[in-house]
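Heads up: the structure comes next, in structure tokens.
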Protein chains: 2
Amino acid sequence: MLIEIDFSSDEAIYVQLQHQIIMGIATEVIREGDTLPSVRQLADSVGINMHTVNKAYTLLKQAGFIQLDRRKGAVIAIDVDKIQAHAEMKRELRIALAKGCCKNISRAEVHELVDELFDEYTRECRP
Amino acid sequence: MLIEIDFSSDEAIYVQLQHQIIMGIATEVIREGDTLPSVRQLADSVGINMHTVNKAYTLLKQAGFIQLDRRKGAVIAIDVDKIQAHAEMKRELRIALAKGCCKNISRAEVHELVDELFDEYTRECRP
DNA sequence: TACTTGTGCTAACCTATATATAACAAAAGA
DNA sequence: TCTTTTGTTATATATAGGTTAGCACAAGTA
């Protein structure tokens with residue numbers, strides 16, 4: 001999986017790493033059971049410090065996206081907690097949608113945008 | 001408009017201020033033309049520094065939610081740039097929805113959530 | 001044995017956040 | 001006119017977060 005970091009971005013490197021790996025799972029570039037490069041390998045290939053990668057991996061583990069195993073390295077393993085995931089999404093969407101509402105973006109336009117984004121994700125999202 | 005700050009939150013105070021004011025506009029607690037308290041008044045009433053409020057106001061001005069006038073103070077004035085607002089929302093939703101997709105939250109469930117959130121906003125969102 | 005793995009620790013550097021204090025010109029009100 | 005309040009700018013300080021560096025260890029691999 002190709003990972004690219006924008007060093008001029010105002011987003012922290014470890015946050016960018018998390019986002020790219022989550023996008024990789026959603027778009028099925030990487031799938032359950034696949035392994036990510038080790039913290040040292042990824043740090044070397046991207047050109048950042050080992051601890052920055054470790055921070056991203058640790059947070060992804062806490063969020064239930066990967067599991068860290070000394071034998072296998074970082075393995076994609078989704079721990080589905082729909083209650084928590086739903087609550088987290090609601091919290092994140094509340095402000096984003098309010099901003100759009102202030103800017104006269106209609107409910108229908110948001111629905112269109114959701115469909116557009118979901119079409120990017122090839123991963124099967126079960127109801 | 002009542003503003004409450006959670007000092008134990010990991011969100012910066014000036015970010016919390018922005019969010020609460022944006023939510024206030026979306027829920028029509030404050031409307032176009034209404035004035036916000038001055039930076040010093042709000043700082044005093046909330047118990048924070050003047051510069052923290054000023055930072056929030058300046059960013060809200062740059063984002064096109066308020067206008068700062070030496071005579072009237074901070075006035076709610078929406079500068080609608082739908083192109084930019086749409087792009088910004090798309091960027092913010094991309095990661096949030098990808099997370100949900102990984103956690104098996106379906107497209108339909110997201111649509112429900114969008115409707116649920118939009119029902120909180122009483123402001124008329126024109127298409 | 002030699003190597004790599006995740007993990008833990010300390011230290012240093014830079015930036016971001018928040019505070020305090022001060023000062024200024026423009027506008028409002030008395 | 002005088003005073004007060006306004007947004008704005010500036011400087012300084014303290015704390016927290018992000019990133020890097022180097023070192024070390026136990027567990028697992030080749």
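Residue numbering restarts at 1 for every chain of the structure tokens, chains are lettered A, B, ... in their displayed order, and ligands are numbered from 1 as they appear.
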Give me the residues of chain C that have any atom at most 12 Å from an atom of chain A; for each, the nearest atom pair and the distance in Å, rounded to one decimal. Use only C-alpha atoms (C1' of nucleotides), sort by chain and number, and format it as a tab-separated table.
residue	atom	partner	partner_atom	distance
C:DT4	C1'	A:Ser38	CA	9.6
C:DT5	C1'	A:Arg70	CA	5.6
C:DG6	C1'	A:Arg70	CA	5.6
C:DT7	C1'	A:Asn54	CA	9.4
C:DG8	C1'	A:His51	CA	11.1
C:DT15	C1'	A:Asp10	CA	10.8
C:DA16	C1'	A:Asp10	CA	11.0
Task: Secondary structure check, strand (DSSP E or B) residues of chain B, as a PyMOL selection string - done: chain B and resi 35-36+66-69+73-76
Take chain B, superimpose it onto chain A by least squares using every C-alpha atom paired in sequence order, and output the result as a short mmCIF file (atom, residue, chain, number, x, y, z; two decimals) with C-alpha atoms, in the first residue's frame.
data_model
loop_
_atom_site.label_atom_id
_atom_site.label_comp_id
_atom_site.auth_asym_id
_atom_site.auth_seq_id
_atom_site.Cartn_x
_atom_site.Cartn_y
_atom_site.Cartn_z
CA MET B 1 0.03 0.00 0.00
CA LEU B 2 1.40 3.33 -1.12
CA ILE B 3 1.51 5.97 1.58
CA GLU B 4 2.33 9.58 0.84
CA ILE B 5 2.83 12.31 3.43
CA ASP B 6 2.26 16.01 2.77
CA PHE B 7 4.88 17.66 4.95
CA SER B 8 3.51 21.12 4.19
CA SER B 9 0.08 20.13 5.48
CA ASP B 10 -1.21 21.47 8.77
CA GLU B 11 -2.40 17.98 9.61
CA ALA B 12 -0.03 16.04 11.84
CA ILE B 13 1.91 13.26 10.15
CA TYR B 14 0.52 10.56 12.44
CA VAL B 15 -3.01 11.77 11.62
CA GLN B 16 -2.30 11.61 7.87
CA LEU B 17 -1.05 8.05 8.35
CA GLN B 18 -4.25 7.04 10.17
CA HIS B 19 -6.45 8.58 7.47
CA GLN B 20 -4.62 6.94 4.60
CA ILE B 21 -4.77 3.52 6.23
CA ILE B 22 -8.48 3.90 7.00
CA MET B 23 -9.12 4.99 3.39
CA GLY B 24 -7.08 1.99 2.28
CA ILE B 25 -9.37 -0.34 4.21
CA ALA B 26 -12.56 1.35 2.96
CA THR B 27 -11.41 1.18 -0.66
CA GLU B 28 -10.17 -2.38 -0.19
CA VAL B 29 -6.60 -1.57 -1.18
CA ILE B 30 -5.87 -3.49 2.01
CA ARG B 31 -8.21 -6.05 3.51
CA GLU B 32 -8.82 -7.89 6.74
CA GLY B 33 -5.86 -10.13 7.45
CA ASP B 34 -3.41 -8.16 5.35
CA THR B 35 -0.33 -6.85 7.08
CA LEU B 36 1.04 -3.34 7.15
CA PRO B 37 4.78 -2.69 7.02
CA SER B 38 6.57 -2.66 10.35
CA VAL B 39 6.98 0.65 12.12
CA ARG B 40 10.63 0.82 11.11
CA GLN B 41 10.04 -0.16 7.48
CA LEU B 42 7.25 2.35 7.01
CA ALA B 43 9.24 5.05 8.79
CA ASP B 44 12.20 4.42 6.52
CA SER B 45 10.21 4.28 3.30
CA VAL B 46 8.27 7.45 4.07
CA GLY B 47 11.24 9.24 5.57
CA ILE B 48 9.88 9.91 9.05
CA ASN B 49 10.65 8.80 12.56
CA MET B 50 9.75 5.38 13.90
CA HIS B 51 7.81 6.85 16.84
CA THR B 52 5.51 8.82 14.55
CA VAL B 53 4.48 5.61 12.80
CA ASN B 54 4.18 3.84 16.13
CA LYS B 55 1.82 6.55 17.37
CA ALA B 56 -0.43 6.14 14.33
CA TYR B 57 -0.44 2.33 14.70
CA THR B 58 -1.19 2.50 18.42
CA LEU B 59 -4.14 4.84 17.85
CA LEU B 60 -5.45 2.66 15.00
CA LYS B 61 -5.25 -0.31 17.35
CA GLN B 62 -7.19 1.54 20.06
CA ALA B 63 -9.79 2.54 17.47
CA GLY B 64 -10.22 -1.10 16.45
CA PHE B 65 -8.81 -1.05 12.92
CA ILE B 66 -5.66 -3.13 13.32
CA GLN B 67 -4.03 -5.55 15.73
CA LEU B 68 -0.37 -5.46 16.63
CA ASP B 69 1.36 -8.80 16.82
CA ARG B 70 5.03 -9.28 17.45
CA ARG B 71 5.04 -12.23 15.09
CA LYS B 72 2.94 -10.91 12.21
CA GLY B 73 3.42 -7.16 12.64
CA ALA B 74 0.45 -4.87 12.12
CA VAL B 75 -2.55 -6.83 10.85
CA ILE B 76 -5.78 -5.32 9.56
CA ALA B 77 -8.45 -6.54 11.99
CA ILE B 78 -11.70 -4.61 12.27
CA ASP B 79 -13.26 -4.66 15.69
CA VAL B 80 -16.84 -3.67 14.89
CA ASP B 81 -18.50 -1.66 17.64
CA LYS B 82 -21.41 -0.13 15.77
CA ILE B 83 -22.79 1.72 18.77
CA GLN B 84 -19.55 3.57 19.30
CA ALA B 85 -18.85 4.04 15.58
CA HIS B 86 -22.32 5.47 15.06
CA ALA B 87 -21.93 7.89 17.97
CA GLU B 88 -18.53 8.98 16.73
CA MET B 89 -19.81 9.59 13.21
CA LYS B 90 -22.74 11.59 14.54
CA ARG B 91 -20.42 13.77 16.56
CA GLU B 92 -18.15 14.37 13.56
CA LEU B 93 -21.01 15.05 11.14
CA ARG B 94 -22.90 17.43 13.41
CA ILE B 95 -20.48 20.33 12.94
CA ALA B 96 -19.66 19.58 9.29
CA LEU B 97 -23.33 19.54 8.29
CA ALA B 98 -24.12 22.64 10.36
CA LYS B 99 -21.42 24.52 8.44
CA GLY B 100 -22.96 23.43 5.17
CA CYS B 101 -26.45 24.38 6.36
CA CYS B 102 -25.20 27.90 7.13
CA LYS B 103 -23.85 28.02 3.58
CA ASN B 104 -27.23 27.04 2.11
CA ILE B 105 -26.24 23.49 1.22
CA SER B 106 -29.52 21.59 1.14
CA ARG B 107 -30.37 18.27 2.69
CA ALA B 108 -30.66 16.74 -0.77
CA GLU B 109 -27.20 17.96 -1.74
CA VAL B 110 -25.73 16.30 1.34
CA HIS B 111 -27.45 13.03 0.47
CA GLU B 112 -25.93 13.26 -3.00
CA LEU B 113 -22.53 13.87 -1.49
CA VAL B 114 -22.88 10.86 0.80
CA ASP B 115 -23.73 8.64 -2.17
CA GLU B 116 -20.82 10.05 -4.13
CA LEU B 117 -18.41 9.30 -1.30
CA PHE B 118 -19.84 5.86 -0.62
CA ASP B 119 -19.24 4.97 -4.25
CA GLU B 120 -15.54 5.46 -3.55
CA TYR B 121 -15.65 2.75 -0.91
CA THR B 122 -15.69 -0.72 -2.44
CA ARG B 123 -15.70 -2.43 0.92
CA GLU B 124 -18.94 -4.19 1.62
CA CYS B 125 -20.74 -2.25 4.34
CA ARG B 126 -23.24 -4.58 5.96
CA PRO B 127 -26.40 -3.13 7.50
#
- [ ] Could you check how far C1' of DA12 (chain C) sits from C1' of DA16 (chain D), in Å to one decimal?
- [x]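 Atom-to-atom, C1' of DA12 (chain C) to C1' of DA16 (chain D), that is 15.5 Å.
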Taking only C-alpha atoms (C1' of nucleotides) into account, produce a table as JSON lines in which each residue of chain D with an atom at most 12 Å from an atom of chain B appears once, together with its shortest atom pair and the distance in Å to one decimal, ordered by chain and rising number.
{"residue": "D:DT5", "atom": "C1'", "partner": "B:Ser38", "partner_atom": "CA", "distance": 9.5}
{"residue": "D:DT6", "atom": "C1'", "partner": "B:Arg70", "partner_atom": "CA", "distance": 5.5}
{"residue": "D:DG7", "atom": "C1'", "partner": "B:Arg70", "partner_atom": "CA", "distance": 5.6}
{"residue": "D:DT8", "atom": "C1'", "partner": "B:Asn54", "partner_atom": "CA", "distance": 9.6}
{"residue": "D:DT9", "atom": "C1'", "partner": "B:His51", "partner_atom": "CA", "distance": 11.1}
{"residue": "D:DA16", "atom": "C1'", "partner": "B:Asp10", "partner_atom": "CA", "distance": 10.7}
{"residue": "D:DG17", "atom": "C1'", "partner": "B:Asp10", "partner_atom": "CA", "distance": 10.8}
Selected residues written out, C-alpha atoms (C1' of nucleotides), as a compact mmCIF listing (two decimals), in the first residue's frame:
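Once everything was written out, this is out-v4.txt:
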# COMPACT_ATOMS: atom_id res chain seq x y z
C1' DT D 5 -15.62 50.77 24.61
C1' DT D 6 -14.44 48.83 20.43
C1' DG D 7 -11.24 45.91 17.35
C1' DT D 8 -6.43 45.46 16.57
C1' DT D 9 -1.58 44.86 17.28
C1' DA D 16 1.08 21.14 25.87
C1' DG D 17 1.53 18.60 21.51
TODO: May I have all residues of region 53-97 of chain A that DSSP, computed from the backbone, assigns to helix (DSSP H, G or I), given as a PyMOL selection string?
DONE: chain A and resi 53-62+82-97
